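Asker: I am attaching a structure below and will ask some questions about it afterwards.
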Amino acid sequence: MKRRGIGCLVLALLFIIHPWTGQAETPASEAPFSVSGEAAVLIEVDSGRVMYEKNADTSLRIASITKIMTSLIAIEQGDLDDKVTISSNAEGTEGSSLYLRAGEKVTLEDLIYGLMLRSGNDSAVAIAEHVGGSIDGFVYLMNEKVHELGLEKTVFANPHGLDDHEEHYSSAKDMAVIMQEAMKYEKFRDISGTKIHKAPNENESWDRVWKNKNRLLTERYEYSTGGKTGFTKRAKRTLVSSAEKDGMELIAVTLNAPSDWDDHVRMFEYGFSDYEMTTLINEGELTRSEVQEDLSGLYVKESVRYPLKEDEEKRVVPKVVLTEEDDERAGSLQFMLDNQTLTSLPVFKMEEEVDDKPSFWSRIKQQFEQWMR
């Protein structure tokens, strides 16, 4: 797939607002497909751009996709090499199980594999008790992470998603953000994208073998990279999944979706076909035009790529906002679409150097004076 770029936009346009009446995301009513889910969302991983949404901010029960947050907290807060002693409380957890036995020792890493691949509720309790000191302590860490991420539609009451509390819910968009955060960790990516995992069984001569329940990953979708399934009688089918194609990585979420596998394939195919990753700016000095004299000596420290539809590329307008925040940072470079900010990044000042060469405007003045003689 071809990569488009608009990094060569002349910075003389930086302070011009380009009128446009389009939208930054596709609501369900305007999408060229439908999903069975009561709520759904599709986002691009790096930018977080919402490409498709349906009731994406509605809080609903989420079942075992809860375990994405459980895995995230365990990876952030725990030592994956720790040997976790399984409690009788963990052994007796209802629902999907790894059939762990009280008193046996399993590494935290293997418990996370069992949690994500086989959705072990006993594993979730064992992880919570080990990392959080207790289930309540771990739930506290989960909700602290919710606040850290700025999520307003999510409350956790347990580490597994069973319907044993009324105050346990999230939205499709919040779950996408949680998955996006988890995917910052390579270990989570490895676990989430594993099809089969073997774990030692200290009480038997054979290893435990866990096959991933995510059928998108194991058989349904060639670009699938991971995710988590969920189901309870009250939540119905829930699913979070990720996929990557041609340098674009997407996250899809459905809540209460009878045909969730098909829903996710439709959303992914829409994202990959209708959007392309576009380079908005390359790392370096803002020197593409000397028309704006006040931009001289400014630079950005990173390149920015953003998913755009073909008809959006020419409508993106860069805008520099100078704030003189400190000795190094001069402000921000914003990219506008439909008078809304798509993304922004800091703009920094170049270190001053002693230079005997006349400035651009001085050279113009000198040339003009020569002409007038």
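All residue names refer to the structure tokens as shown: chains lettered A, B, ... in order, residues numbered from 1 in each chain, ligands numbered from 1 in order.
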So which residues touch Lys233 (chain A) within 12 Å, counting only C-alpha atoms, skipping near sequence neighbours fewer than 4 positions away, as number ranges by chain?
Answerer: A: 61-64, 95, 161-164, 237-238, 256
Asker: Please write the residues from the selection above to a file, keeping C-alpha atoms, as a PDB file, in the first residue's frame.
Answerer:
ATOM      1  CA  ARG A  61     -21.258  -4.924  31.411  1.00  0.00           C
ATOM      2  CA  ILE A  62     -18.018  -6.262  29.948  1.00  0.00           C
ATOM      3  CA  ALA A  63     -17.456  -9.844  31.192  1.00  0.00           C
ATOM      4  CA  SER A  64     -13.928 -11.256  30.742  1.00  0.00           C
ATOM      5  CA  GLY A  95     -16.708 -20.048  35.722  1.00  0.00           C
ATOM      6  CA  GLY A 161     -15.543  -9.815  34.989  1.00  0.00           C
ATOM      7  CA  LEU A 162     -18.016 -12.186  36.604  1.00  0.00           C
ATOM      8  CA  ASP A 163     -21.414 -10.638  37.292  1.00  0.00           C
ATOM      9  CA  ASP A 164     -20.977 -10.596  41.068  1.00  0.00           C
ATOM     10  CA  ARG A 237     -20.603 -11.705  24.104  1.00  0.00           C
ATOM     11  CA  THR A 238     -17.860  -9.096  24.450  1.00  0.00           C
ATOM     12  CA  ASN A 256     -23.155  -7.454  23.607  1.00  0.00           C
TER      13      ASN A 256
END
Asker: Which one is closest to Thr58 (chain A): A:Arg101, A:His147, A:His165, A:Lys173? Count only C-alpha atoms.
Answerer: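 Checking each of A:Arg101, A:His147, A:His165, A:Lys173 against Thr58 (chain A), counting only C-alpha atoms, the winner is A:Lys173.
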Asker: May I ask for the distance between CA of Ser123 (chain A) and CA of Ile135 (chain A), given in Å to one decimal place?
Answerer: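 Value for the CA of Ser123 (chain A)-CA of Ile135 (chain A) distance: 12.0 Å.
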Asker: Tell me which protein, DNA and RNA residues are within 12 Å of Tyr223 (chain A), counting only C-alpha atoms, leaving out same-chain ones fewer than 2 positions away, and put them as a VMD selection string.
Answerer: chain A and resid 193 216 to 221 225 to 226 241 to 251 264 to 265 268 to 269 272
Asker: Take the residues from that selection and write them out as an mmCIF file, in the first residue's frame, keeping C-alpha atoms.
Answerer:
data_model
loop_
_atom_site.group_PDB
_atom_site.id
_atom_site.type_symbol
_atom_site.label_atom_id
_atom_site.label_comp_id
_atom_site.auth_asym_id
_atom_site.auth_seq_id
_atom_site.Cartn_x
_atom_site.Cartn_y
_atom_site.Cartn_z
ATOM 1 C CA GLY A 193 -0.873 -12.731 20.366
ATOM 2 C CA LEU A 216 -9.799 -14.216 15.028
ATOM 3 C CA LEU A 217 -6.202 -14.943 15.997
ATOM 4 C CA THR A 218 -6.259 -18.709 15.619
ATOM 5 C CA GLU A 219 -8.334 -19.154 12.454
ATOM 6 C CA ARG A 220 -10.585 -16.307 11.318
ATOM 7 C CA TYR A 221 -8.450 -13.288 10.404
ATOM 8 C CA THR A 225 -2.474 -9.783 16.449
ATOM 9 C CA GLY A 226 -4.316 -10.489 19.703
ATOM 10 C CA SER A 241 -9.153 -7.453 19.352
ATOM 11 C CA SER A 242 -6.179 -5.963 17.529
ATOM 12 C CA ALA A 243 -4.943 -6.288 13.954
ATOM 13 C CA GLU A 244 -2.100 -4.906 11.854
ATOM 14 C CA LYS A 245 -1.692 -4.469 8.106
ATOM 15 C CA ASP A 246 0.710 -2.370 6.033
ATOM 16 C CA GLY A 247 2.058 -0.480 9.026
ATOM 17 C CA MET A 248 -1.362 0.407 10.437
ATOM 18 C CA GLU A 249 -2.451 -1.096 13.756
ATOM 19 C CA LEU A 250 -6.098 -1.094 14.832
ATOM 20 C CA ILE A 251 -8.135 -1.988 17.921
ATOM 21 C CA HIS A 264 -14.528 -7.191 14.025
ATOM 22 C CA VAL A 265 -13.539 -8.365 10.564
ATOM 23 C CA PHE A 268 -10.870 -3.958 10.434
ATOM 24 C CA GLU A 269 -11.441 -4.240 6.699
ATOM 25 C CA PHE A 272 -7.527 -0.823 6.391
#
Asker: Pro159 (chain A): which residues within 8 Å, counting only C-alpha atoms, same-chain residues fewer than 2 positions away excluded, as a list in words?
Answerer: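 My reading of the contact set: Thr66, Lys67, Met69, Thr70, Ala124, Val125, Ala128, Ile135, Phe138, Val139, Phe156, Ala157 and Gly161 of chain A.
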Asker: Using N, CA and C atoms, can you write the selected residues to a file as a short mmCIF file (atom, residue, chain, number, x, y, z; two decimals), in the first residue's frame?
Answerer:
data_model
loop_
_atom_site.label_atom_id
_atom_site.label_comp_id
_atom_site.auth_asym_id
_atom_site.auth_seq_id
_atom_site.Cartn_x
_atom_site.Cartn_y
_atom_site.Cartn_z
N THR A 66 -12.53 -7.66 30.97
CA THR A 66 -11.97 -7.10 32.20
C THR A 66 -10.50 -7.51 32.36
N LYS A 67 -10.18 -8.73 31.92
CA LYS A 67 -8.86 -9.31 32.18
C LYS A 67 -7.74 -8.60 31.42
N MET A 69 -7.34 -5.35 31.68
CA MET A 69 -6.86 -4.49 32.75
C MET A 69 -6.13 -5.30 33.82
N THR A 70 -6.62 -6.49 34.13
CA THR A 70 -5.94 -7.34 35.11
C THR A 70 -4.52 -7.66 34.63
N ALA A 124 -7.22 -15.19 37.57
CA ALA A 124 -7.46 -13.77 37.88
C ALA A 124 -7.40 -13.52 39.38
N VAL A 125 -8.01 -14.41 40.15
CA VAL A 125 -8.00 -14.25 41.61
C VAL A 125 -6.59 -14.44 42.16
N ALA A 128 -4.63 -11.33 41.42
CA ALA A 128 -5.08 -10.21 42.25
C ALA A 128 -4.55 -10.34 43.67
N ILE A 135 -8.03 -9.24 46.79
CA ILE A 135 -8.86 -8.84 45.65
C ILE A 135 -9.21 -7.36 45.75
N PHE A 138 -6.29 -5.22 44.80
CA PHE A 138 -6.03 -5.22 43.36
C PHE A 138 -7.07 -4.38 42.62
N VAL A 139 -8.34 -4.48 43.03
CA VAL A 139 -9.39 -3.68 42.41
C VAL A 139 -9.10 -2.19 42.59
N PHE A 156 -14.33 -0.83 37.94
CA PHE A 156 -14.05 -2.25 38.15
C PHE A 156 -14.36 -2.65 39.58
N ALA A 157 -14.93 -3.85 39.75
CA ALA A 157 -15.24 -4.37 41.08
C ALA A 157 -14.58 -5.72 41.32
N GLY A 161 -14.39 -10.19 35.80
CA GLY A 161 -15.54 -9.81 34.99
C GLY A 161 -16.81 -10.58 35.26
#
Asker: What are the DSSP alpha helix (DSSP H) residues of region 70-248 of chain A, as an MDAnalysis selection string?
Answerer: chainID A and resid 70:77 88:91 108:118 121:132 135:148 172:182 186:192 215
Asker: What lies within 6 Å of Val240 (chain A) using only C-alpha atoms, ignoring chain neighbours under 5 positions off, as a PyMOL selection string?
Answerer: chain A and resi 227-228+252-253
Asker: Within 8 Å of region 84-94 of chain A, counting only C-alpha atoms, which residues qualify if same-chain residues fewer than 5 places away don't, as a list in words?
Answerer: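 What passes the distance filter is Tyr99, Leu100, Arg101, Ala102, Gly103, Glu104, Lys105, Val106, Thr107, Leu108, Asn121, Asp122, Ser123, Ala124, Val125, Ala126, Ile127 and His130 of chain A.
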Asker: Check the DSSP output for the backbone and give back, as a PDB file with C-alpha atoms, in the first residue's frame, the residues of region 291-344 of chain A in strand (DSSP E or B).
Answerer:
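Written out: states.pdb:
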ATOM      1  CA  LEU A 298      11.990  26.216  15.707  1.00  0.00           C
ATOM      2  CA  TYR A 299      12.002  22.426  15.454  1.00  0.00           C
ATOM      3  CA  VAL A 300      10.091  19.290  16.443  1.00  0.00           C
ATOM      4  CA  VAL A 304       4.070  12.256  13.303  1.00  0.00           C
ATOM      5  CA  ARG A 305       2.010   9.772  11.285  1.00  0.00           C
ATOM      6  CA  TYR A 306      -1.764   9.842  11.359  1.00  0.00           C
ATOM      7  CA  PRO A 307      -4.522   7.757   9.704  1.00  0.00           C
ATOM      8  CA  LEU A 308      -6.401   9.773   7.095  1.00  0.00           C
ATOM      9  CA  VAL A 317      -3.916  22.340   8.052  1.00  0.00           C
ATOM     10  CA  PRO A 318      -0.886  22.732  10.361  1.00  0.00           C
ATOM     11  CA  LYS A 319      -0.980  25.554  12.886  1.00  0.00           C
ATOM     12  CA  VAL A 320       1.772  26.738  15.201  1.00  0.00           C
ATOM     13  CA  VAL A 321       0.719  28.125  18.571  1.00  0.00           C
ATOM     14  CA  LEU A 322       3.582  30.032  20.185  1.00  0.00           C
ATOM     15  CA  ARG A 329       9.776  24.869  24.502  1.00  0.00           C
ATOM     16  CA  ALA A 330       8.234  27.532  22.262  1.00  0.00           C
ATOM     17  CA  GLY A 331       4.693  26.160  21.931  1.00  0.00           C
ATOM     18  CA  SER A 332       2.972  23.477  19.900  1.00  0.00           C
ATOM     19  CA  LEU A 333       2.395  22.407  16.325  1.00  0.00           C
ATOM     20  CA  GLN A 334      -1.232  21.415  15.808  1.00  0.00           C
ATOM     21  CA  PHE A 335      -2.819  19.678  12.839  1.00  0.00           C
ATOM     22  CA  MET A 336      -6.380  20.795  12.201  1.00  0.00           C
ATOM     23  CA  LEU A 337      -9.199  19.046  10.363  1.00  0.00           C
ATOM     24  CA  GLN A 340     -10.697  20.476  15.200  1.00  0.00           C
ATOM     25  CA  THR A 341      -7.280  19.412  16.430  1.00  0.00           C
ATOM     26  CA  LEU A 342      -6.357  15.956  15.169  1.00  0.00           C
ATOM     27  CA  THR A 343      -3.050  15.820  16.987  1.00  0.00           C
ATOM     28  CA  SER A 344      -0.365  18.128  18.310  1.00  0.00           C
TER      29      SER A 344
END
Asker: Show me, as a list of chain:residue names, the residues that have an atom within 7 Å of Lys309 (chain A) when counting only C-alpha atoms, minus same-chain residues fewer than 5 positions from it.
Answerer: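 After dropping sequence-adjacent residues, the list is A:Asp274, A:Tyr275, A:Glu276.
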Asker: Report, in Å to a single decimal, how far apart CA of Trp210 (chain A) and CA of Leu98 (chain A) are.
Answerer: 8.7 Å
Asker: With only C-alpha atoms as the basis for distance, which of A:Glu285, A:Tyr140, A:Arg315, A:Glu222 is at the shortest distance from Met350 (chain A)?
Answerer: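 Closest residue, counting only C-alpha atoms: A:Glu285.
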Asker: Pick out the closest residue to Phe188 (chain A) from this set: A:Ser59, A:Met116, A:Asp327, A:Asp262. Count only C-alpha atoms.
Answerer: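 Checking each of A:Ser59, A:Met116, A:Asp327, A:Asp262 against Phe188 (chain A), counting only C-alpha atoms, the winner is A:Met116.
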Asker: Using only C-alpha atoms, which residue out of A:Asp260, A:Ser171, A:Ile68, A:Ser303 lies closest to Leu280 (chain A)?
Answerer: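 Selected residue with least distance to Leu280 (chain A): A:Ser303.
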